[in-house]
$ cat input-v3.cif   # mmCIF, C-alpha atoms
data_input
#
loop_
_atom_site.label_atom_id
_atom_site.label_comp_id
_atom_site.auth_asym_id
_atom_site.auth_seq_id
_atom_site.Cartn_x
_atom_site.Cartn_y
_atom_site.Cartn_z
CA MET K 1 -129.02 -121.27 64.48
CA ALA K 2 -131.50 -120.82 67.36
CA ASN K 3 -133.53 -117.63 67.37
CA LEU K 4 -132.82 -114.84 69.84
CA LYS K 5 -135.71 -115.70 72.17
CA GLU K 6 -134.58 -119.32 72.58
CA VAL K 7 -131.00 -118.27 73.30
CA ARG K 8 -132.13 -115.64 75.83
CA THR K 9 -134.25 -118.26 77.59
CA ARG K 10 -131.30 -120.67 77.80
CA ILE K 11 -129.03 -117.91 79.12
CA GLU K 12 -131.51 -117.07 81.87
CA SER K 13 -131.88 -120.77 82.75
CA VAL K 14 -128.12 -121.44 82.90
CA ASN K 15 -127.50 -118.25 84.87
CA SER K 16 -130.13 -119.28 87.40
CA THR K 17 -128.53 -122.73 87.70
CA ARG K 18 -125.09 -121.15 88.20
CA GLN K 19 -126.41 -119.02 91.05
CA ILE K 20 -127.87 -122.11 92.73
CA THR K 21 -124.71 -124.21 92.36
CA SER K 22 -122.56 -121.33 93.57
CA ALA K 23 -124.73 -120.92 96.67
CA MET K 24 -124.65 -124.68 97.32
CA LYS K 25 -120.86 -124.63 96.99
CA MET K 26 -120.59 -121.92 99.66
CA VAL K 27 -122.99 -123.77 101.99
CA ALA K 28 -121.05 -127.02 101.54
CA ALA K 29 -117.75 -125.20 102.20
CA SER K 30 -119.15 -123.75 105.41
CA LYS K 31 -120.39 -127.15 106.63
CA LEU K 32 -117.14 -128.79 105.53
CA ARG K 33 -115.05 -126.55 107.79
CA LYS K 34 -117.04 -127.60 110.83
CA ALA K 35 -117.06 -131.30 109.88
CA GLN K 36 -113.34 -131.22 109.05
CA ASN K 37 -112.50 -129.74 112.44
CA SER K 38 -114.53 -132.46 114.13
CA ILE K 39 -112.86 -135.38 112.35
CA THR K 40 -109.30 -134.01 112.50
CA THR K 41 -109.53 -133.50 116.27
CA MET K 42 -111.22 -136.89 116.67
CA ARG K 43 -108.67 -138.99 114.77
CA PRO K 44 -105.74 -139.01 117.24
CA TYR K 45 -108.12 -139.88 120.07
CA ALA K 46 -109.82 -142.62 118.01
CA ALA K 47 -106.45 -144.05 116.92
CA LYS K 48 -105.25 -144.27 120.51
CA LEU K 49 -108.53 -145.86 121.59
CA ARG K 50 -108.22 -148.42 118.78
CA GLU K 51 -104.72 -149.31 119.94
CA LEU K 52 -106.01 -149.65 123.50
CA LEU K 53 -108.92 -151.76 122.26
CA GLN K 54 -106.60 -154.18 120.47
CA ASN K 55 -104.30 -154.46 123.48
CA LEU K 56 -107.14 -155.09 125.92
CA SER K 57 -108.86 -157.57 123.63
CA GLY K 58 -105.57 -159.25 122.82
CA SER K 59 -104.96 -159.93 126.48
CA LEU K 60 -108.25 -161.85 126.67
CA ALA K 61 -108.04 -163.63 123.33
CA ASN K 62 -108.45 -167.39 123.52
CA THR K 63 -109.45 -167.15 127.19
CA GLY K 64 -113.20 -167.24 126.53
CA GLN K 65 -113.67 -164.03 128.52
CA ASP K 66 -114.22 -161.64 125.61
CA LYS K 67 -117.12 -162.44 123.29
CA LEU K 68 -116.20 -159.62 120.90
CA THR K 69 -112.93 -161.20 119.74
CA VAL K 70 -114.41 -164.60 118.92
CA VAL K 71 -113.74 -165.56 115.30
CA ARG K 72 -116.57 -167.77 114.09
CA PRO K 73 -117.13 -169.34 110.66
CA GLU K 74 -118.41 -166.59 108.37
CA GLU K 75 -121.96 -167.81 107.91
CA ASN K 76 -124.07 -164.77 108.80
CA ILE K 77 -122.66 -161.49 107.53
CA LEU K 78 -123.82 -157.92 108.12
CA ILE K 79 -122.60 -155.10 105.87
CA VAL K 80 -123.18 -151.47 106.84
CA PRO K 81 -122.86 -149.15 103.79
CA VAL K 82 -122.66 -145.49 104.81
CA THR K 83 -124.06 -143.05 102.25
CA SER K 84 -125.63 -139.59 102.44
CA ASN K 85 -129.24 -138.45 102.65
CA ARG K 86 -128.90 -136.08 99.69
CA GLY K 87 -127.36 -136.21 96.26
CA LEU K 88 -125.45 -133.60 94.22
CA CYS K 89 -122.14 -134.82 95.66
CA GLY K 90 -120.53 -136.43 92.63
CA ALA K 91 -119.64 -140.12 92.89
CA PHE K 92 -119.71 -140.11 96.71
CA ASN K 93 -122.74 -142.40 97.06
CA ALA K 94 -122.19 -144.35 93.83
CA ASN K 95 -118.72 -145.44 94.97
CA VAL K 96 -120.03 -146.89 98.25
CA ILE K 97 -122.95 -148.64 96.54
CA ARG K 98 -120.79 -150.03 93.73
CA TYR K 99 -118.17 -151.33 96.16
CA THR K 100 -120.80 -152.94 98.40
CA VAL K 101 -122.38 -154.73 95.43
CA LYS K 102 -118.92 -155.89 94.28
CA LEU K 103 -118.02 -157.05 97.79
CA ILE K 104 -121.18 -159.13 98.05
CA ALA K 105 -120.76 -160.61 94.56
CA GLU K 106 -117.08 -161.52 94.95
CA LYS K 107 -116.75 -162.45 98.62
CA TYR K 108 -120.16 -163.20 100.10
CA ALA K 109 -122.15 -164.53 97.15
CA GLU K 110 -122.76 -167.84 98.91
CA GLN K 111 -124.16 -166.16 102.02
CA GLN K 112 -126.33 -163.94 99.80
CA GLN K 113 -127.80 -166.97 98.02
CA LYS K 114 -128.57 -168.67 101.34
CA GLY K 115 -130.19 -165.53 102.76
CA GLN K 116 -127.46 -165.19 105.37
CA LEU K 117 -126.27 -161.76 104.29
CA SER K 118 -127.98 -158.65 105.63
CA LEU K 119 -127.61 -154.89 105.24
CA LEU K 120 -127.98 -152.02 107.66
CA CYS K 121 -128.02 -148.89 105.49
CA ILE K 122 -126.96 -145.60 107.01
CA GLY K 123 -128.16 -142.82 104.71
CA LYS K 124 -131.14 -142.56 102.36
CA LYS K 125 -129.23 -143.05 99.11
CA GLY K 126 -127.99 -146.49 100.08
CA GLU K 127 -131.41 -147.54 101.33
CA GLU K 128 -133.11 -146.34 98.12
CA PHE K 129 -130.72 -148.39 95.99
CA PHE K 130 -130.63 -151.67 97.93
CA ARG K 131 -134.26 -151.85 98.98
CA GLY K 132 -136.28 -153.71 96.40
CA ARG K 133 -133.24 -155.35 94.79
CA GLY K 134 -133.44 -158.62 96.67
CA TYR K 135 -131.17 -157.70 99.57
CA GLN K 136 -132.13 -158.59 103.11
CA PHE K 137 -132.46 -155.65 105.50
CA ILE K 138 -132.31 -155.49 109.28
CA GLY K 139 -133.11 -151.77 109.21
CA SER K 140 -131.87 -148.38 108.10
CA GLU K 141 -130.71 -145.18 109.76
CA THR K 142 -131.68 -142.18 107.63
CA HIS K 143 -131.86 -139.44 110.26
CA ILE K 144 -128.51 -139.94 111.99
CA PHE K 145 -126.83 -137.13 110.01
CA ASP K 146 -129.50 -134.63 111.06
CA THR K 147 -127.93 -134.62 114.53
CA LEU K 148 -124.58 -136.35 114.34
CA ASP K 149 -123.24 -136.72 117.86
CA PHE K 150 -122.04 -139.51 120.13
CA ASP K 151 -125.37 -139.87 121.95
CA HIS K 152 -127.28 -140.52 118.71
CA VAL K 153 -124.62 -142.91 117.35
CA SER K 154 -124.38 -145.02 120.52
CA PRO K 155 -127.69 -146.92 120.03
CA ILE K 156 -126.54 -148.08 116.58
CA ALA K 157 -123.27 -149.42 117.97
CA GLU K 158 -125.09 -151.05 120.90
CA GLN K 159 -127.41 -152.84 118.49
CA LEU K 160 -124.48 -154.18 116.46
CA ILE K 161 -122.56 -155.31 119.55
CA ARG K 162 -125.60 -157.08 120.96
CA GLN K 163 -126.34 -158.89 117.70
CA PHE K 164 -122.72 -160.06 117.43
CA GLU K 165 -122.66 -161.30 121.03
CA GLU K 166 -125.92 -163.19 120.43
CA ALA K 167 -124.25 -164.82 117.37
CA ARG K 168 -126.87 -163.44 115.02
CA PHE K 169 -123.98 -162.21 112.89
CA ASP K 170 -120.50 -163.69 112.66
CA LYS K 171 -118.92 -160.66 111.02
CA ILE K 172 -119.88 -157.00 110.72
CA ILE K 173 -118.29 -154.77 108.07
CA PHE K 174 -118.57 -151.02 107.42
CA VAL K 175 -118.16 -149.56 103.92
CA TYR K 176 -117.71 -145.79 103.92
CA ASN K 177 -115.77 -142.86 102.49
CA GLN K 178 -112.85 -141.79 104.64
CA PHE K 179 -112.11 -138.06 104.57
CA ARG K 180 -108.62 -137.04 103.49
CA ASN K 181 -109.12 -133.47 102.26
CA ALA K 182 -111.76 -131.41 100.48
CA GLY K 183 -110.92 -132.96 97.12
CA SER K 184 -110.09 -136.51 98.18
CA GLN K 185 -112.12 -139.29 99.80
CA VAL K 186 -110.83 -142.83 100.28
CA LEU K 187 -113.32 -145.66 99.94
CA THR K 188 -112.77 -147.86 102.99
CA GLU K 189 -113.87 -151.34 104.06
CA GLU K 190 -113.44 -151.75 107.82
CA GLN K 191 -114.16 -154.79 109.97
CA PHE K 192 -116.11 -153.71 113.03
CA LEU K 193 -116.62 -157.08 114.70
CA PRO K 194 -115.00 -159.37 115.65
CA ILE K 195 -112.32 -157.03 116.96
CA ALA K 196 -109.21 -157.34 114.81
CA LEU K 197 -106.31 -158.30 117.04
CA PRO K 198 -102.75 -157.00 116.50
CA GLU K 199 -100.84 -158.79 113.78
CA SER K 200 -97.89 -159.38 116.10
CA ASN K 201 -97.90 -162.16 118.66
CA ILE K 202 -100.59 -161.43 121.23
CA GLU K 203 -98.46 -162.31 124.25
CA ASP K 204 -95.52 -160.21 123.02
CA ASN K 205 -97.83 -157.30 122.33
CA TRP K 206 -99.39 -157.58 125.76
CA ASN K 207 -95.99 -157.71 127.45
CA GLN K 208 -95.02 -154.47 125.73
CA THR K 209 -98.10 -152.63 127.04
CA GLN K 210 -98.73 -153.07 130.74
CA TYR K 211 -101.83 -151.71 132.49
CA ILE K 212 -102.83 -151.53 136.12
CA PHE K 213 -106.48 -152.55 136.53
CA GLU K 214 -108.66 -151.45 139.41
CA PRO K 215 -110.88 -153.14 140.54
CA ASP K 216 -110.17 -155.93 138.01
CA LYS K 217 -109.43 -156.44 134.33
CA GLN K 218 -112.70 -158.12 133.35
CA SER K 219 -114.94 -155.48 134.96
CA ILE K 220 -113.11 -152.65 133.27
CA ILE K 221 -113.07 -154.35 129.88
CA GLU K 222 -116.82 -155.03 130.03
CA VAL K 223 -117.39 -151.29 130.34
CA LEU K 224 -114.50 -149.88 128.32
CA VAL K 225 -114.53 -152.08 125.20
CA PRO K 226 -118.16 -151.33 124.20
CA ARG K 227 -117.54 -147.60 124.72
CA ILE K 228 -114.45 -147.70 122.49
CA LEU K 229 -116.44 -149.55 119.82
CA LYS K 230 -119.12 -146.86 119.97
CA MET K 231 -116.41 -144.27 119.48
CA GLN K 232 -115.12 -146.15 116.43
CA VAL K 233 -118.59 -146.06 114.84
CA TYR K 234 -118.85 -142.34 115.65
CA LYS K 235 -115.46 -141.76 114.01
CA MET K 236 -116.49 -143.60 110.82
CA LEU K 237 -119.68 -141.55 110.54
CA LEU K 238 -117.76 -138.31 111.13
CA ASP K 239 -115.37 -139.36 108.35
CA SER K 240 -118.25 -140.01 105.97
CA PHE K 241 -120.00 -136.76 106.93
CA ALA K 242 -116.91 -134.65 106.24
CA ALA K 243 -116.22 -136.55 103.00
CA GLU K 244 -119.80 -135.90 101.85
CA HIS K 245 -119.47 -132.14 102.23
CA GLY K 246 -116.07 -132.17 100.56
CA ALA K 247 -117.46 -134.12 97.61
CA ARG K 248 -120.49 -131.81 97.36
CA MET K 249 -118.32 -128.69 97.45
CA ILE K 250 -116.12 -130.00 94.63
CA ALA K 251 -119.15 -131.15 92.61
CA MET K 252 -120.84 -127.75 92.94
CA HIS K 253 -117.57 -125.97 92.12
CA LYS K 254 -117.28 -127.96 88.89
CA ALA K 255 -120.96 -127.38 88.09
CA THR K 256 -120.50 -123.63 88.58
CA ASP K 257 -117.45 -123.61 86.30
CA ASN K 258 -119.33 -125.60 83.66
CA ALA K 259 -122.27 -123.20 83.85
CA THR K 260 -119.88 -120.24 83.45
CA GLU K 261 -118.35 -121.80 80.33
CA MET K 262 -121.81 -122.57 78.95
CA LEU K 263 -122.86 -118.96 79.54
CA LYS K 264 -119.87 -117.73 77.53
CA GLU K 265 -120.83 -119.98 74.62
CA LEU K 266 -124.49 -118.99 74.80
CA LYS K 267 -123.69 -115.27 74.90
CA LEU K 268 -121.41 -115.70 71.90
CA SER K 269 -124.19 -117.58 70.10
CA TYR K 270 -126.65 -114.85 71.08
CA ASN K 271 -124.40 -112.10 69.75
CA LYS K 272 -123.90 -113.98 66.49
CA ALA K 273 -127.65 -114.49 66.08
CA ARG K 274 -128.31 -110.83 66.90
CA GLN K 275 -125.64 -109.69 64.45
CA ALA K 276 -127.09 -111.94 61.75
CA ALA K 277 -130.57 -110.50 62.36
CA ILE K 278 -129.28 -106.93 62.13
CA THR K 279 -127.32 -107.70 58.97
CA LYS K 280 -130.44 -109.26 57.44
CA GLU K 281 -132.52 -106.17 58.24
CA ILE K 282 -129.86 -103.87 56.73
CA LEU K 283 -129.74 -105.97 53.58
CA GLU K 284 -133.53 -105.82 53.32
CA ILE K 285 -133.51 -102.03 53.72
CA VAL K 286 -130.72 -101.60 51.16
CA GLY K 287 -132.48 -103.95 48.77
CA GLY K 288 -135.75 -102.02 49.13
CA ALA K 289 -134.01 -98.70 48.58
CA ASN K 290 -132.31 -100.01 45.45
CA ALA K 291 -135.65 -101.29 44.14
CA LEU K 292 -137.26 -97.87 44.61
CA GLY K 293 -134.31 -96.14 42.94
#
$ encode --input "input-v3.cif" --output "structure tokens"
Amino acid sequence: MANLKEVRTRIESVNSTRQITSAMKMVAASKLRKAQNSITTMRPYAAKLRELLQNLSGSLANTGQDKLTVVRPEENILIVPVTSNRGLCGAFNANVIRYTVKLIAEKYAEQQQKGQLSLLCIGKKGEEFFRGRGYQFIGSETHIFDTLDFDHVSPIAEQLIRQFEEARFDKIIFVYNQFRNAGSQVLTEEQFLPIALPESNIEDNWNQTQYIFEPDKQSIIEVLVPRILKMQVYKMLLDSFAAEHGARMIAMHKATDNATEMLKELKLSYNKARQAAITKEILEIVGGANALG
């Protein structure tokens, strides 16, 4: 059994850790409330914009007027894994990284071997993992979560749209954690470009949704479609941001509970060791008294 000094040192260490994890849990809960409000109010708007995007793009499909709906042979692929800048959030980052590696190995292994697969990592954890492992990078965005707003997200979306229009990439995919609630995140693979058209017949879908364009359809679409795409990227990052804080809050909650249980065991061990030491001293005193008698 460990001596009293060792046990006291461990108790102090675990107690200090519990205080830290408890404080981190409260900070994560506070940030989660704000992030959750942002994504829950954003979702209906983003869903309606996505429906509008599909309808507008569907009306121009196969007309040669919309470059963002063109389906080309999947030769050059860009994957955008969205992770966090910090750890201590359970399997949040590991899930995205593991899924991205699996996606490349199972679906885009040929492009990877030919050097036609690239990554744009959003978040430090993804960049730290993929850099130096033979993956081709076009860049990374590690400061976007410091100030997550539409103005800071827009340049990223503009870069992706421009590279798709220039045919540098034939397909762009996001891999991120979608926020459901504080204890649940859904790992999601979402095609960003080309724009996914409605599954129903394009003409039927267009006939069901009629729009009046002023001054003309093409002019409006050239302005509106890129803005909707920017909003979709913003929505995905908001999802990931809220999911990160939810995962961190749960991870710190579990760590605090584990530390509390460990403290109970250590205190019990300490009391046993202390009782054994006292019993030993009493026996020594009694033995000495008997020897003198």
$ closest_residue --input "input-v3.cif" --among "K:Leu283, K:Ile228, K:Ile144, K:Ala247" --to "Val186 of chain K" --atoms "all atoms listed in the file"
K:Ala247
$ resolve_selection --input "input-v3.cif" --expression "the PyMOL selection byres ((chain K and resi 273) around 8)" --output "list in words"
Met1, Ala2, Asn3, Leu4, Ser269, Tyr270, Asn271, Lys272, Arg274, Gln275, Ala276 and Ala277 of chain K
$ residues_around --input "input-v3.cif" --residues "segment 79-87 of chain K" --least-positions-apart "6" --cutoff "9 Å" --atoms "only C-alpha atoms" --output "MDAnalysis selection string"
chainID K and resid 93:94 96:97 100 104 117:127 142:143 145 171:177 236:237 240:241 244 248
$ write_last_selection --input "input-v3.cif" --atoms "C-alpha atoms" --output "PDB file, in the coordinates of the input"
ATOM      1  CA  ASN K  93    -122.740-142.400  97.060  1.00  0.00           C
ATOM      2  CA  ALA K  94    -122.190-144.350  93.830  1.00  0.00           C
ATOM      3  CA  VAL K  96    -120.030-146.890  98.250  1.00  0.00           C
ATOM      4  CA  ILE K  97    -122.950-148.640  96.540  1.00  0.00           C
ATOM      5  CA  THR K 100    -120.800-152.940  98.400  1.00  0.00           C
ATOM      6  CA  ILE K 104    -121.180-159.130  98.050  1.00  0.00           C
ATOM      7  CA  LEU K 117    -126.270-161.760 104.290  1.00  0.00           C
ATOM      8  CA  SER K 118    -127.980-158.650 105.630  1.00  0.00           C
ATOM      9  CA  LEU K 119    -127.610-154.890 105.240  1.00  0.00           C
ATOM     10  CA  LEU K 120    -127.980-152.020 107.660  1.00  0.00           C
ATOM     11  CA  CYS K 121    -128.020-148.890 105.490  1.00  0.00           C
ATOM     12  CA  ILE K 122    -126.960-145.600 107.010  1.00  0.00           C
ATOM     13  CA  GLY K 123    -128.160-142.820 104.710  1.00  0.00           C
ATOM     14  CA  LYS K 124    -131.140-142.560 102.360  1.00  0.00           C
ATOM     15  CA  LYS K 125    -129.230-143.050  99.110  1.00  0.00           C
ATOM     16  CA  GLY K 126    -127.990-146.490 100.080  1.00  0.00           C
ATOM     17  CA  GLU K 127    -131.410-147.540 101.330  1.00  0.00           C
ATOM     18  CA  THR K 142    -131.680-142.180 107.630  1.00  0.00           C
ATOM     19  CA  HIS K 143    -131.860-139.440 110.260  1.00  0.00           C
ATOM     20  CA  PHE K 145    -126.830-137.130 110.010  1.00  0.00           C
ATOM     21  CA  LYS K 171    -118.920-160.660 111.020  1.00  0.00           C
ATOM     22  CA  ILE K 172    -119.880-157.000 110.720  1.00  0.00           C
ATOM     23  CA  ILE K 173    -118.290-154.770 108.070  1.00  0.00           C
ATOM     24  CA  PHE K 174    -118.570-151.020 107.420  1.00  0.00           C
ATOM     25  CA  VAL K 175    -118.160-149.560 103.920  1.00  0.00           C
ATOM     26  CA  TYR K 176    -117.710-145.790 103.920  1.00  0.00           C
ATOM     27  CA  ASN K 177    -115.770-142.860 102.490  1.00  0.00           C
ATOM     28  CA  MET K 236    -116.490-143.600 110.820  1.00  0.00           C
ATOM     29  CA  LEU K 237    -119.680-141.550 110.540  1.00  0.00           C
ATOM     30  CA  SER K 240    -118.250-140.010 105.970  1.00  0.00           C
ATOM     31  CA  PHE K 241    -120.000-136.760 106.930  1.00  0.00           C
ATOM     32  CA  GLU K 244    -119.800-135.900 101.850  1.00  0.00           C
ATOM     33  CA  ARG K 248    -120.490-131.810  97.360  1.00  0.00           C
TER      34      ARG K 248
END
$ resolve_selection --input "input-v3.cif" --expression "the PyMOL selection byres ((chain K and resi 116) around 10)" --output "PyMOL selection string"
chain K and resi 74-78+108-115+117-118+136+168-169
$ closest_residue --input "input-v3.cif" --among "K:Ser140, K:Ser22, K:Leu52, K:Leu292" --to "Leu224 of chain K" --atoms "only C-alpha atoms"
K:Leu52
$ closest_residue --input "input-v3.cif" --among "K:Pro73, K:Pro215, K:Pro155, K:Gly288" --to "Val233 of chain K" --atoms "all atoms listed in the file"
K:Pro155
